[in-house]
>>> print(open('work35.pdb').read())   # PDB, C-alpha atoms and all ligand atoms
ATOM      1  CA  MET A 412       0.000   0.000   0.000
ATOM      2  CA  ARG A 413       1.200   3.511  -0.844
ATOM      3  CA  PHE A 414       0.208   6.755   0.853
ATOM      4  CA  ASP A 415      -0.135  10.181  -0.718
ATOM      5  CA  VAL A 416       0.730  11.776   2.614
ATOM      6  CA  ILE A 417       1.989  10.581   5.973
ATOM      7  CA  CYS A 418       1.586  13.137   8.749
ATOM      8  CA  PHE A 419       4.023  13.094  11.669
ATOM      9  CA  GLY A 420       3.429  15.188  14.787
ATOM     10  CA  ALA A 421       2.167  15.213  18.360
ATOM     11  CA  LEU A 422      -1.071  13.407  19.207
ATOM     12  CA  ASN A 423      -3.173  15.024  21.929
ATOM     13  CA  VAL A 424      -6.628  14.759  23.393
ATOM     14  CA  ASP A 425      -8.007  18.261  23.984
ATOM     15  CA  LYS A 426      -9.952  18.521  27.247
ATOM     16  CA  LEU A 427     -11.772  21.800  27.325
ATOM     17  CA  TYR A 428     -13.425  22.975  30.532
ATOM     18  CA  LYS A 429     -15.826  25.869  30.458
ATOM     19  CA  VAL A 430     -15.456  27.737  33.767
ATOM     20  CA  ASP A 431     -17.138  30.754  35.356
ATOM     21  CA  ARG A 432     -13.700  32.346  35.721
ATOM     22  CA  ILE A 433     -10.099  31.207  35.319
ATOM     23  CA  ALA A 434      -8.743  30.594  38.814
ATOM     24  CA  SER A 435      -5.478  32.204  39.925
ATOM     25  CA  ALA A 436      -3.146  30.591  42.464
ATOM     26  CA  ASP A 437      -4.972  29.784  45.739
ATOM     27  CA  GLU A 438      -8.372  30.485  44.154
ATOM     28  CA  GLU A 439     -11.088  28.066  43.182
ATOM     29  CA  SER A 440     -13.574  28.244  40.393
ATOM     30  CA  GLU A 441     -16.505  26.211  39.115
ATOM     31  CA  ILE A 442     -16.500  24.003  36.025
ATOM     32  CA  LEU A 443     -19.686  24.599  34.000
ATOM     33  CA  ASP A 444     -19.156  22.288  31.034
ATOM     34  CA  PHE A 445     -16.642  19.829  29.615
ATOM     35  CA  LYS A 446     -15.788  18.705  26.098
ATOM     36  CA  GLU A 447     -13.184  16.241  24.972
ATOM     37  CA  SER A 448     -11.907  15.926  21.405
ATOM     38  CA  PRO A 449      -9.008  14.320  19.578
ATOM     39  CA  GLY A 450      -6.439  16.886  18.434
ATOM     40  CA  GLY A 451      -2.849  17.661  17.525
ATOM     41  CA  SER A 452      -1.879  19.751  14.527
ATOM     42  CA  ALA A 453      -0.631  16.978  12.207
ATOM     43  CA  ALA A 454      -3.556  14.815  13.305
ATOM     44  CA  ASN A 455      -6.107  17.473  12.365
ATOM     45  CA  THR A 456      -4.442  17.886   8.974
ATOM     46  CA  ALA A 457      -4.456  14.097   8.484
ATOM     47  CA  VAL A 458      -8.213  13.980   9.088
ATOM     48  CA  GLY A 459      -8.686  16.929   6.714
ATOM     49  CA  LEU A 460      -6.777  15.070   3.994
ATOM     50  CA  ALA A 461      -8.620  11.788   4.548
ATOM     51  CA  ARG A 462     -11.988  13.584   4.247
ATOM     52  CA  LEU A 463     -10.817  14.827   0.838
ATOM     53  CA  GLY A 464     -10.112  11.285  -0.288
ATOM     54  CA  VAL A 465      -6.320  11.536   0.083
ATOM     55  CA  LYS A 466      -4.596   8.277   1.128
ATOM     56  CA  THR A 467      -3.243   9.311   4.495
ATOM     57  CA  GLY A 468      -1.101   7.632   7.149
ATOM     58  CA  PHE A 469       0.326   8.782  10.464
ATOM     59  CA  ILE A 470       3.504   8.515  12.519
ATOM     60  CA  GLY A 471       3.235   9.331  16.210
ATOM     61  CA  LYS A 472       2.979   7.842  19.675
ATOM     62  CA  VAL A 473       0.166   7.218  22.148
ATOM     63  CA  ALA A 474      -0.107   5.236  25.373
ATOM     64  CA  SER A 475      -2.504   2.325  25.780
ATOM     65  CA  ASP A 476      -4.838   4.425  27.946
ATOM     66  CA  ARG A 477      -8.368   5.685  27.289
ATOM     67  CA  GLU A 478      -7.050   8.806  25.517
ATOM     68  CA  GLY A 479      -4.795   6.754  23.250
ATOM     69  CA  LYS A 480      -7.748   4.572  22.276
ATOM     70  CA  LEU A 481      -9.851   7.667  21.547
ATOM     71  CA  LEU A 482      -7.135   9.076  19.255
ATOM     72  CA  MET A 483      -6.758   5.767  17.393
ATOM     73  CA  ARG A 484     -10.528   5.223  17.134
ATOM     74  CA  ASP A 485     -11.084   8.621  15.575
ATOM     75  CA  PHE A 486      -8.374   8.051  12.948
ATOM     76  CA  ILE A 487      -9.869   4.688  12.034
ATOM     77  CA  ASP A 488     -13.369   6.216  11.767
ATOM     78  CA  GLU A 489     -11.980   8.981   9.520
ATOM     79  CA  GLY A 490      -9.995   6.642   7.288
ATOM     80  CA  VAL A 491      -6.497   7.655   8.472
ATOM     81  CA  ASN A 492      -4.166   4.637   8.532
ATOM     82  CA  THR A 493      -2.761   4.055  12.054
ATOM     83  CA  ASP A 494      -0.093   1.390  11.352
ATOM     84  CA  GLY A 495       2.711   3.946  11.882
ATOM     85  CA  ILE A 496       1.565   4.899  15.392
ATOM     86  CA  VAL A 497       3.627   3.528  18.285
ATOM     87  CA  VAL A 498       1.439   2.375  21.175
ATOM     88  CA  SER A 499       3.384   2.528  24.435
ATOM     89  CA  GLU A 500       2.594   0.025  27.217
ATOM     90  CA  ASP A 501       3.194   2.648  29.877
ATOM     91  CA  GLY A 502       2.990   6.409  30.296
ATOM     92  CA  ARG A 503       0.167   8.771  29.404
ATOM     93  CA  SER A 504      -1.097   9.843  26.014
ATOM     94  CA  GLY A 505      -0.652  13.540  25.256
ATOM     95  CA  THR A 506      -3.359  15.846  26.562
ATOM     96  CA  VAL A 507      -4.074  19.545  26.419
ATOM     97  CA  ILE A 508      -6.186  20.766  29.311
ATOM     98  CA  GLY A 509      -7.887  24.059  28.622
ATOM     99  CA  PHE A 510     -10.010  26.377  30.743
ATOM    100  CA  VAL A 511     -12.214  28.866  28.939
ATOM    101  CA  ASP A 512     -14.201  31.548  30.706
ATOM    102  CA  GLU A 513     -17.370  33.312  29.597
ATOM    103  CA  ASN A 514     -15.357  35.985  27.736
ATOM    104  CA  GLY A 515     -13.517  33.362  25.728
ATOM    105  CA  GLU A 516     -10.236  33.896  27.639
ATOM    106  CA  ARG A 517      -8.233  30.689  27.742
ATOM    107  CA  ALA A 518      -5.628  29.054  29.954
ATOM    108  CA  LEU A 519      -3.978  26.001  28.388
ATOM    109  CA  TYR A 520      -1.833  23.314  30.028
ATOM    110  CA  VAL A 521      -0.029  20.846  27.749
ATOM    111  CA  ASP A 522       0.933  17.390  28.977
ATOM    112  CA  PRO A 523       3.049  15.912  26.141
ATOM    113  CA  GLY A 524       3.041  12.473  27.800
ATOM    114  CA  VAL A 525       4.514   9.774  25.569
ATOM    115  CA  ASN A 526       4.825  12.182  22.598
ATOM    116  CA  ASN A 527       8.063  13.308  24.283
ATOM    117  CA  SER A 528       9.584   9.825  24.309
ATOM    118  CA  LEU A 529       9.162   8.974  20.613
ATOM    119  CA  LYS A 530      12.591   7.841  19.414
ATOM    120  CA  PHE A 531      13.852   7.456  15.871
ATOM    121  CA  HIS A 532      14.388   3.683  16.241
ATOM    122  CA  GLU A 533      10.706   3.246  17.162
ATOM    123  CA  ILE A 534       9.644   4.553  13.748
ATOM    124  CA  ASP A 535       8.844   1.958  11.091
ATOM    125  CA  LEU A 536      11.084   3.124   8.221
ATOM    126  CA  ASP A 537       9.421   0.819   5.763
ATOM    127  CA  TYR A 538       6.052   2.409   6.603
ATOM    128  CA  ALA A 539       7.448   5.937   6.276
ATOM    129  CA  SER A 540       8.974   5.129   2.894
ATOM    130  CA  LYS A 541       5.515   4.281   1.513
ATOM    131  CA  ALA A 542       4.586   7.991   1.371
ATOM    132  CA  ASP A 543       5.091  10.440  -1.481
ATOM    133  CA  LEU A 544       4.941  13.294   0.987
ATOM    134  CA  LEU A 545       5.748  13.601   4.690
ATOM    135  CA  HIS A 546       3.951  16.416   6.556
ATOM    136  CA  LEU A 547       5.648  17.431   9.814
ATOM    137  CA  THR A 548       4.315  19.475  12.731
ATOM    138  CA  SER A 549       5.871  20.292  16.074
ATOM    139  CA  PHE A 550       6.621  18.317  19.219
ATOM    140  CA  VAL A 551       7.404  19.927  22.562
ATOM    141  CA  GLY A 552      10.224  17.465  23.364
ATOM    142  CA  GLU A 553      13.722  17.299  21.910
ATOM    143  CA  MET A 554      13.693  13.527  21.283
ATOM    144  CA  PRO A 555      10.846  13.489  18.733
ATOM    145  CA  PHE A 556      12.351  16.581  17.029
ATOM    146  CA  GLN A 557      15.596  14.632  16.569
ATOM    147  CA  ALA A 558      13.549  11.671  15.314
ATOM    148  CA  GLN A 559      11.968  13.880  12.634
ATOM    149  CA  LYS A 560      15.379  15.115  11.482
ATOM    150  CA  LYS A 561      16.798  11.572  11.376
ATOM    151  CA  LEU A 562      13.768  10.284   9.497
ATOM    152  CA  ILE A 563      14.086  12.756   6.629
ATOM    153  CA  GLU A 564      17.828  12.066   6.469
ATOM    154  CA  ALA A 565      17.027   8.367   6.180
ATOM    155  CA  LEU A 566      14.523   9.062   3.373
ATOM    156  CA  PRO A 567      16.356  11.439   1.014
ATOM    157  CA  GLU A 568      13.858  11.014  -1.826
ATOM    158  CA  ILE A 569      10.654  11.853   0.083
ATOM    159  CA  SER A 570       9.057  15.325  -0.199
ATOM    160  CA  VAL A 571       8.766  17.109   3.135
ATOM    161  CA  THR A 572       6.255  19.759   4.194
ATOM    162  CA  LEU A 573       6.334  21.521   7.562
ATOM    163  CA  ASP A 574       3.949  23.581   9.673
ATOM    164  CA  PRO A 575       6.339  24.856  12.368
ATOM    165  CA  GLY A 576       3.751  26.288  14.767
ATOM    166  CA  MET A 577       5.006  28.499  17.571
ATOM    167  CA  ILE A 578       7.065  25.724  19.148
ATOM    168  CA  TYR A 579       9.368  25.168  16.175
ATOM    169  CA  ALA A 580       9.373  28.829  15.111
ATOM    170  CA  ARG A 581      10.862  29.573  18.526
ATOM    171  CA  LYS A 582      13.824  27.275  17.768
ATOM    172  CA  GLY A 583      15.050  29.773  15.178
ATOM    173  CA  LEU A 584      16.267  29.396  11.622
ATOM    174  CA  ALA A 585      19.611  27.753  12.424
ATOM    175  CA  GLU A 586      18.092  24.881  14.387
ATOM    176  CA  LEU A 587      15.318  24.353  11.849
ATOM    177  CA  LYS A 588      17.683  24.333   8.854
ATOM    178  CA  PRO A 589      17.865  20.544   8.462
ATOM    179  CA  LEU A 590      14.051  20.527   8.039
ATOM    180  CA  ILE A 591      13.772  23.751   6.043
ATOM    181  CA  ARG A 592      16.388  22.676   3.467
ATOM    182  CA  ARG A 593      14.163  19.731   2.585
ATOM    183  CA  CYS A 594      10.828  21.580   2.453
ATOM    184  CA  LEU A 595       8.632  21.369  -0.595
ATOM    185  CA  VAL A 596       6.105  23.524   1.281
ATOM    186  CA  PHE A 597       6.669  25.514   4.470
ATOM    187  CA  PHE A 598       3.472  26.626   6.266
ATOM    188  CA  PRO A 599       4.103  29.334   8.882
ATOM    189  CA  ASN A 600       1.590  31.897  10.029
ATOM    190  CA  GLU A 601       2.673  35.527   9.797
ATOM    191  CA  HIS A 602       3.798  35.680  13.412
ATOM    192  CA  GLU A 603       5.899  32.523  13.186
ATOM    193  CA  LEU A 604       7.560  33.724   9.976
ATOM    194  CA  LYS A 605       8.423  37.018  11.650
ATOM    195  CA  MET A 606       9.873  35.137  14.598
ATOM    196  CA  LEU A 607      12.055  33.019  12.294
ATOM    197  CA  THR A 608      13.277  35.705   9.916
ATOM    198  CA  GLY A 609      12.580  39.038  11.627
ATOM    199  CA  LYS A 610      10.905  40.162   8.386
ATOM    200  CA  ASP A 611       7.424  40.750   6.950
ATOM    201  CA  TYR A 612       5.789  37.937   4.972
ATOM    202  CA  GLU A 613       7.246  38.930   1.591
ATOM    203  CA  ARG A 614      10.857  39.413   2.748
ATOM    204  CA  GLY A 615      10.589  36.516   5.203
ATOM    205  CA  SER A 616       9.417  34.156   2.456
ATOM    206  CA  GLU A 617      12.335  35.232   0.254
ATOM    207  CA  ILE A 618      14.757  34.277   3.007
ATOM    208  CA  LEU A 619      13.188  30.824   3.308
ATOM    209  CA  ILE A 620      13.287  30.286  -0.457
ATOM    210  CA  LYS A 621      17.021  31.116  -0.325
ATOM    211  CA  GLU A 622      17.385  28.481   2.409
ATOM    212  CA  GLY A 623      15.975  25.874   0.042
ATOM    213  CA  VAL A 624      12.204  25.900   0.599
ATOM    214  CA  ARG A 625      10.402  25.402  -2.734
ATOM    215  CA  ILE A 626       7.049  26.959  -1.744
ATOM    216  CA  VAL A 627       6.183  29.191   1.211
ATOM    217  CA  ALA A 628       2.490  29.401   2.131
ATOM    218  CA  VAL A 629       1.966  32.023   4.842
ATOM    219  CA  LYS A 630      -1.316  31.894   6.772
ATOM    220  CA  LEU A 631      -2.562  35.439   7.295
ATOM    221  CA  GLY A 632      -5.703  34.858   9.378
ATOM    222  CA  ALA A 633      -8.540  37.161   8.302
ATOM    223  CA  ARG A 634      -6.410  38.361   5.347
ATOM    224  CA  GLY A 635      -6.204  34.895   3.761
ATOM    225  CA  CYS A 636      -2.777  33.707   2.680
ATOM    226  CA  TYR A 637       0.376  34.656   0.791
ATOM    227  CA  VAL A 638       1.961  31.989  -1.399
ATOM    228  CA  THR A 639       5.231  32.119  -3.325
ATOM    229  CA  ASP A 640       7.709  29.824  -5.025
ATOM    230  CA  GLY A 641      10.240  32.599  -5.585
ATOM    231  CA  GLU A 642       9.019  33.179  -9.138
ATOM    232  CA  GLU A 643       5.301  33.798  -8.786
ATOM    233  CA  SER A 644       3.675  35.219  -5.666
ATOM    234  CA  HIS A 645      -0.007  35.637  -4.786
ATOM    235  CA  LEU A 646      -1.821  37.335  -1.948
ATOM    236  CA  ILE A 647      -5.100  35.408  -1.851
ATOM    237  CA  GLU A 648      -8.149  36.763  -0.094
ATOM    238  CA  PRO A 649     -10.070  34.507   2.301
ATOM    239  CA  PHE A 650     -13.596  33.110   1.941
ATOM    240  CA  LYS A 651     -16.052  35.186   3.929
ATOM    241  CA  VAL A 652     -17.806  33.098   6.560
ATOM    242  CA  LYS A 653     -19.508  33.544   9.907
ATOM    243  CA  ILE A 654     -16.842  32.550  12.417
ATOM    244  CA  VAL A 655     -17.879  30.209  15.215
ATOM    245  CA  ASP A 656     -14.513  28.801  16.359
ATOM    246  CA  SER A 657     -11.052  29.291  14.860
ATOM    247  CA  THR A 658      -9.462  26.202  16.443
ATOM    248  CA  GLY A 659      -7.539  24.230  13.837
ATOM    249  CA  ALA A 660      -7.957  26.722  10.975
ATOM    250  CA  GLY A 661      -4.222  26.571  10.271
ATOM    251  CA  ASP A 662      -4.250  22.759  10.225
ATOM    252  CA  ALA A 663      -7.221  22.746   7.850
ATOM    253  CA  PHE A 664      -5.407  25.231   5.597
ATOM    254  CA  CYS A 665      -2.519  22.756   5.269
ATOM    255  CA  ALA A 666      -4.938  19.968   4.330
ATOM    256  CA  GLY A 667      -6.522  22.038   1.553
ATOM    257  CA  PHE A 668      -3.181  23.242   0.219
ATOM    258  CA  LEU A 669      -1.660  19.743   0.244
ATOM    259  CA  TYR A 670      -4.736  18.376  -1.548
ATOM    260  CA  GLY A 671      -3.916  20.913  -4.279
ATOM    261  CA  ILE A 672      -0.245  19.877  -4.412
ATOM    262  CA  ILE A 673      -1.146  16.186  -4.690
ATOM    263  CA  ASN A 674      -3.606  16.923  -7.475
ATOM    264  CA  ASN A 675      -1.150  19.085  -9.453
ATOM    265  CA  LYS A 676      -3.096  22.319  -9.017
ATOM    266  CA  THR A 677      -1.384  25.648  -9.687
ATOM    267  CA  LEU A 678       0.233  27.560  -6.840
ATOM    268  CA  ARG A 679      -2.680  30.008  -6.752
ATOM    269  CA  GLU A 680      -5.249  27.186  -6.742
ATOM    270  CA  CYS A 681      -3.444  25.496  -3.850
ATOM    271  CA  GLY A 682      -3.744  28.748  -1.869
ATOM    272  CA  VAL A 683      -7.445  29.052  -2.694
ATOM    273  CA  LEU A 684      -8.020  25.437  -1.593
ATOM    274  CA  GLY A 685      -6.155  26.127   1.674
ATOM    275  CA  ASN A 686      -8.286  29.191   2.354
ATOM    276  CA  PHE A 687     -11.444  27.272   1.496
ATOM    277  CA  VAL A 688     -10.844  24.254   3.735
ATOM    278  CA  ALA A 689      -9.774  26.599   6.575
ATOM    279  CA  SER A 690     -12.917  28.712   6.152
ATOM    280  CA  ARG A 691     -15.107  25.641   6.531
ATOM    281  CA  THR A 692     -13.654  24.709   9.946
ATOM    282  CA  LEU A 693     -14.260  28.277  11.118
ATOM    283  CA  THR A 694     -18.011  27.783  10.773
ATOM    284  CA  GLU A 695     -18.213  24.968  13.341
ATOM    285  CA  MET A 696     -16.982  24.252  16.870
ATOM    286  CA  GLY A 697     -13.823  22.170  17.141
ATOM    287  CA  ALA A 698     -10.829  21.613  14.881
ATOM    288  CA  ARG A 699     -12.306  18.841  12.745
ATOM    289  CA  ASN A 700     -16.076  19.288  12.610
ATOM    290  CA  GLY A 701     -16.328  21.596   9.617
ATOM    291  CA  LEU A 702     -13.732  19.817   7.454
ATOM    292  CA  PRO A 703     -15.275  19.353   3.979
ATOM    293  CA  ARG A 704     -15.542  16.359   1.644
ATOM    294  CA  LYS A 705     -14.011  16.342  -1.824
ATOM    295  CA  ASP A 706     -17.300  17.060  -3.643
ATOM    296  CA  GLU A 707     -17.714  20.293  -1.653
ATOM    297  CA  LEU A 708     -14.462  21.812  -2.950
ATOM    298  CA  PRO A 709     -14.743  24.865  -5.227
ATOM    299  CA  LEU A 710     -12.110  23.473  -7.657
TER
HETATM  300  N1  LIG B   1     -11.445  35.707   9.840
HETATM  301  C1  LIG B   1     -11.204  34.835   8.866
HETATM  302  N2  LIG B   1     -11.971  34.820   7.752
HETATM  303  C2  LIG B   1     -11.754  33.952   6.750
HETATM  304  N3  LIG B   1     -10.744  33.057   6.756
HETATM  305  C3  LIG B   1      -9.940  33.028   7.835
HETATM  306  C4  LIG B   1     -10.118  33.899   8.935
HETATM  307  N4  LIG B   1      -9.188  33.607   9.873
HETATM  308  C5  LIG B   1      -8.451  32.607   9.368
HETATM  309  N5  LIG B   1      -8.891  32.249   8.135
HETATM  310  C6  LIG B   1      -8.360  31.201   7.268
HETATM  311  O1  LIG B   1      -7.660  30.265   8.063
HETATM  312  C7  LIG B   1      -6.298  30.191   7.648
HETATM  313  C8  LIG B   1      -5.423  29.845   8.818
HETATM  314  O2  LIG B   1      -5.667  30.739   9.882
HETATM  315  P1  LIG B   1      -4.486  31.452  10.665
HETATM  316  O3  LIG B   1      -3.807  32.384   9.729
HETATM  317  O4  LIG B   1      -5.054  31.977  11.906
HETATM  318  O5  LIG B   1      -3.494  30.219  10.918
HETATM  319  P2  LIG B   1      -2.768  29.715  12.239
HETATM  320  O6  LIG B   1      -2.373  30.895  13.065
HETATM  321  O7  LIG B   1      -1.714  28.760  11.858
HETATM  322  O8  LIG B   1      -3.963  28.954  12.921
HETATM  323  P3  LIG B   1      -3.918  27.898  14.110
HETATM  324  O9  LIG B   1      -4.187  28.720  15.337
HETATM  325  O10 LIG B   1      -5.022  26.966  13.773
HETATM  326  O11 LIG B   1      -2.558  27.260  14.101
HETATM  327  C9  LIG B   1      -6.015  31.527   6.990
HETATM  328  O12 LIG B   1      -4.936  31.423   6.090
HETATM  329  C10 LIG B   1      -7.356  31.781   6.280
HETATM  330  O13 LIG B   1      -7.430  31.037   5.090
HETATM  331 MG    MG B   2      -0.758  27.278  13.110
END
>>> encode(input="work35.pdb", output="structure tokens")
Amino acid sequence: MRFDVICFGALNVDKLYKVDRIASADEESEILDFKESPGGSAANTAVGLARLGVKTGFIGKVASDREGKLLMRDFIDEGVNTDGIVVSEDGRSGTVIGFVDENGERALYVDPGVNNSLKFHEIDLDYASKADLLHLTSFVGEMPFQAQKKLIEALPEISVTLDPGMIYARKGLAELKPLIRRCLVFFPNEHELKMLTGKDYERGSEILIKEGVRIVAVKLGARGCYVTDGEESHLIEPFKVKIVDSTGAGDAFCAGFLYGIINNKTLRECGVLGNFVASRTLTEMGARNGLPRKDELPL
């Protein structure tokens, strides 16, 4: 079996508590509601791709606890292949515990759990080599970051795409170079690009292209996206929608854009597809609920 894309990043269960107010040290506060959902940036993108009919696999690590089973179950239900996921006998699966008050203010606590202990030798190289494209997102821990670098070194022919998120953007350009050099598409948001290059999205993208990135797709929130391959550049306006929840918009953008890449769309079309898939998740609660099917795409 071949895969169009294998996604590789942290796997987390998001546990969101609605509270009357966010408690400070030595205070207590009441929990009004609770919602649990499978998450993780690469995982959300994987589900987005699978919904669009893309053959998608995953590399990551969970524990054999209730949360790990929830993460696996959801992938299976969505048609994401789970054979590349390491299931640890001990430890905890990754969780993000969030408290949201009535004004929408949030406090987030991340427990990386077994995500942090994913080692290169645990990865099934044969599985990874079955992908045309490897989509990477961040891990908090150093060990899985090293594993990602070693994996792309071990697979010199595979195309790599990367959504750095804040965690990898913070590492800086020098530390990210081994990944950036290999990037077919690099997916920062404007803030992350600024952090990495100190420049605006046009100048910042130029710097990344010089470092070896083939395509830079910058997510610009309510202004859509900016895409460039160093020869052509497009600032693409977003789809206008009524926004319910912006969780996972960036991950959905990657799914739409990668669908375009896989289907040989033009650079501009890839950007439009990214904006479209992102806009659909904005209209529903949660990172995955609004993700569209292939027949709903505008092109
Ligand atoms: N207000 C909006 N209206 C329409 N589209 C939007 C809006 N906000 C975001 N988008 C779409 O979502 C995409 C990704 O959003 P954003 O730029 O916030 O990415 P991000 O910061 O990586 O998100 P995330 O927090 O999910 O990681 C944008 O490129 C755009 O297509
Ligand atoms: Mg993002």
>>> residues_around(input="work35.pdb", residues="Met606 of chain A", least_positions_apart="6", cutoff="9 Å", atoms="only C-alpha atoms", output="JSON, numbers by chain")
{"A": [577, 580, 581, 583]}
>>> closest_atom_pairs(input="work35.pdb", of="chain A", to="ligand LIG 1 (chain B)", cutoff="6 Å", atoms="all atoms listed in the file", output="CSV")
residue,atom,partner,partner_atom,distance
A:Asn600,CA,B:LIG1,O7,4.9
A:Lys630,CA,B:LIG1,O12,3.7
A:Leu631,CA,B:LIG1,O3,4.1
A:Gly632,CA,B:LIG1,O3,3.1
A:Ala633,CA,B:LIG1,C1,3.6
A:Gly635,CA,B:LIG1,C10,4.2
A:Cys636,CA,B:LIG1,O12,4.6
A:Pro649,CA,B:LIG1,N3,4.7
A:Phe650,CA,B:LIG1,C2,5.2
A:Lys651,CA,B:LIG1,C2,5.3
A:Thr658,CA,B:LIG1,O10,5.2
A:Gly659,CA,B:LIG1,O10,3.7
A:Ala660,CA,B:LIG1,O10,4.1
A:Gly661,CA,B:LIG1,O8,3.6
A:Asp662,CA,B:LIG1,O10,5.6
A:Phe664,CA,B:LIG1,C7,5.4
A:Asn686,CA,B:LIG1,O13,3.4
A:Ala689,CA,B:LIG1,O1,4.5
A:Ser690,CA,B:LIG1,N3,4.9
>>> write_last_selection(input="work35.pdb", atoms="C-alpha atoms", output="JSON list (two decimals), in the frame of the given file")
[["chain", "number", "residue", "atom", "x", "y", "z"],
["A", 600, "ASN", "CA", 1.59, 31.90, 10.03],
["A", 630, "LYS", "CA", -1.32, 31.89, 6.77],
["A", 631, "LEU", "CA", -2.56, 35.44, 7.30],
["A", 632, "GLY", "CA", -5.70, 34.86, 9.38],
["A", 633, "ALA", "CA", -8.54, 37.16, 8.30],
["A", 635, "GLY", "CA", -6.20, 34.90, 3.76],
["A", 636, "CYS", "CA", -2.78, 33.71, 2.68],
["A", 649, "PRO", "CA", -10.07, 34.51, 2.30],
["A", 650, "PHE", "CA", -13.60, 33.11, 1.94],
["A", 651, "LYS", "CA", -16.05, 35.19, 3.93],
["A", 658, "THR", "CA", -9.46, 26.20, 16.44],
["A", 659, "GLY", "CA", -7.54, 24.23, 13.84],
["A", 660, "ALA", "CA", -7.96, 26.72, 10.98],
["A", 661, "GLY", "CA", -4.22, 26.57, 10.27],
["A", 662, "ASP", "CA", -4.25, 22.76, 10.22],
["A", 664, "PHE", "CA", -5.41, 25.23, 5.60],
["A", 686, "ASN", "CA", -8.29, 29.19, 2.35],
["A", 689, "ALA", "CA", -9.77, 26.60, 6.58],
["A", 690, "SER", "CA", -12.92, 28.71, 6.15]]
>>> atom_distance(input="work35.pdb", atom1="atom CA of Val551 of chain A", atom2="atom CA of Tyr579 of chain A")
8.5 Å
>>> resolve_selection(input="work35.pdb", expression="the PyMOL selection byres (((chain A and resi 520) around 7) and not hetatm)", output="PyMOL selection string")
chain A and resi 507-509+518-519+521-522
>>> closest_residue(input="work35.pdb", among="A:Gln559, A:Ser452, A:Ser475, A:Ser657", to="Thr692 of chain A", atoms="all atoms listed in the file")
A:Ser657
>>> closest_residue(input="work35.pdb", among="A:Asp494, A:Asp501, A:Asp535, A:Glu603", to="ligand MG 2 (chain B)", atoms="only C-alpha atoms and all ligand atoms")
A:Glu603
>>> residues_around(input="work35.pdb", residues="Lys653 of chain A", least_positions_apart="2", cutoff="8 Å", atoms="all atoms listed in the file", output="list of chain:residue names")
A:Lys651, A:Val655, A:Leu693, A:Thr694
>>> residues_around(input="work35.pdb", residues="Lys605 of chain A", least_positions_apart="3", cutoff="12 Å", atoms="only C-alpha atoms", output="list in words")
Met577, Ala580, Arg581, Gly583, Leu584, Pro599, Asn600, Glu601, His602, Thr608, Gly609, Lys610, Asp611, Tyr612, Glu613, Arg614, Gly615, Ser616, Ile618, Leu619, Val629 and Leu631 of chain A
>>> resolve_selection(input="work35.pdb", expression="the PyMOL selection byres (((chain A and resi 499) around 8) and not hetatm)", output="PyMOL selection string")
chain A and resi 472-475+497-498+500-502+525
>>> write_last_selection(input="work35.pdb", atoms="C-alpha atoms", output="PDB file, keeping the file's coordinate frame")
ATOM      1  CA  LYS A 472       2.979   7.842  19.675  1.00  0.00           C
ATOM      2  CA  VAL A 473       0.166   7.218  22.148  1.00  0.00           C
ATOM      3  CA  ALA A 474      -0.107   5.236  25.373  1.00  0.00           C
ATOM      4  CA  SER A 475      -2.504   2.325  25.780  1.00  0.00           C
ATOM      5  CA  VAL A 497       3.627   3.528  18.285  1.00  0.00           C
ATOM      6  CA  VAL A 498       1.439   2.375  21.175  1.00  0.00           C
ATOM      7  CA  GLU A 500       2.594   0.025  27.217  1.00  0.00           C
ATOM      8  CA  ASP A 501       3.194   2.648  29.877  1.00  0.00           C
ATOM      9  CA  GLY A 502       2.990   6.409  30.296  1.00  0.00           C
ATOM     10  CA  VAL A 525       4.514   9.774  25.569  1.00  0.00           C
TER      11      VAL A 525
END
>>> atom_distance(input="work35.pdb", atom1="atom CA of Phe668 of chain A", atom2="atom CA of Leu529 of chain A")
27.8 Å
>>> resolve_selection(input="work35.pdb", expression="the PyMOL selection byres (((chain A and resi 465) around 12) and not hetatm)", output="tab-separated table (two decimals) with C-alpha atoms, keeping the file's coordinate frame")
chain	number	residue	atom	x	y	z
A	413	ARG	CA	1.20	3.51	-0.84
A	414	PHE	CA	0.21	6.76	0.85
A	415	ASP	CA	-0.14	10.18	-0.72
A	416	VAL	CA	0.73	11.78	2.61
A	417	ILE	CA	1.99	10.58	5.97
A	418	CYS	CA	1.59	13.14	8.75
A	456	THR	CA	-4.44	17.89	8.97
A	457	ALA	CA	-4.46	14.10	8.48
A	458	VAL	CA	-8.21	13.98	9.09
A	459	GLY	CA	-8.69	16.93	6.71
A	460	LEU	CA	-6.78	15.07	3.99
A	461	ALA	CA	-8.62	11.79	4.55
A	462	ARG	CA	-11.99	13.58	4.25
A	463	LEU	CA	-10.82	14.83	0.84
A	464	GLY	CA	-10.11	11.28	-0.29
A	466	LYS	CA	-4.60	8.28	1.13
A	467	THR	CA	-3.24	9.31	4.50
A	468	GLY	CA	-1.10	7.63	7.15
A	489	GLU	CA	-11.98	8.98	9.52
A	490	GLY	CA	-9.99	6.64	7.29
A	491	VAL	CA	-6.50	7.66	8.47
A	492	ASN	CA	-4.17	4.64	8.53
A	542	ALA	CA	4.59	7.99	1.37
A	543	ASP	CA	5.09	10.44	-1.48
A	544	LEU	CA	4.94	13.29	0.99
A	666	ALA	CA	-4.94	19.97	4.33
A	667	GLY	CA	-6.52	22.04	1.55
A	669	LEU	CA	-1.66	19.74	0.24
A	670	TYR	CA	-4.74	18.38	-1.55
A	671	GLY	CA	-3.92	20.91	-4.28
A	672	ILE	CA	-0.24	19.88	-4.41
A	673	ILE	CA	-1.15	16.19	-4.69
A	674	ASN	CA	-3.61	16.92	-7.48
A	704	ARG	CA	-15.54	16.36	1.64
A	705	LYS	CA	-14.01	16.34	-1.82
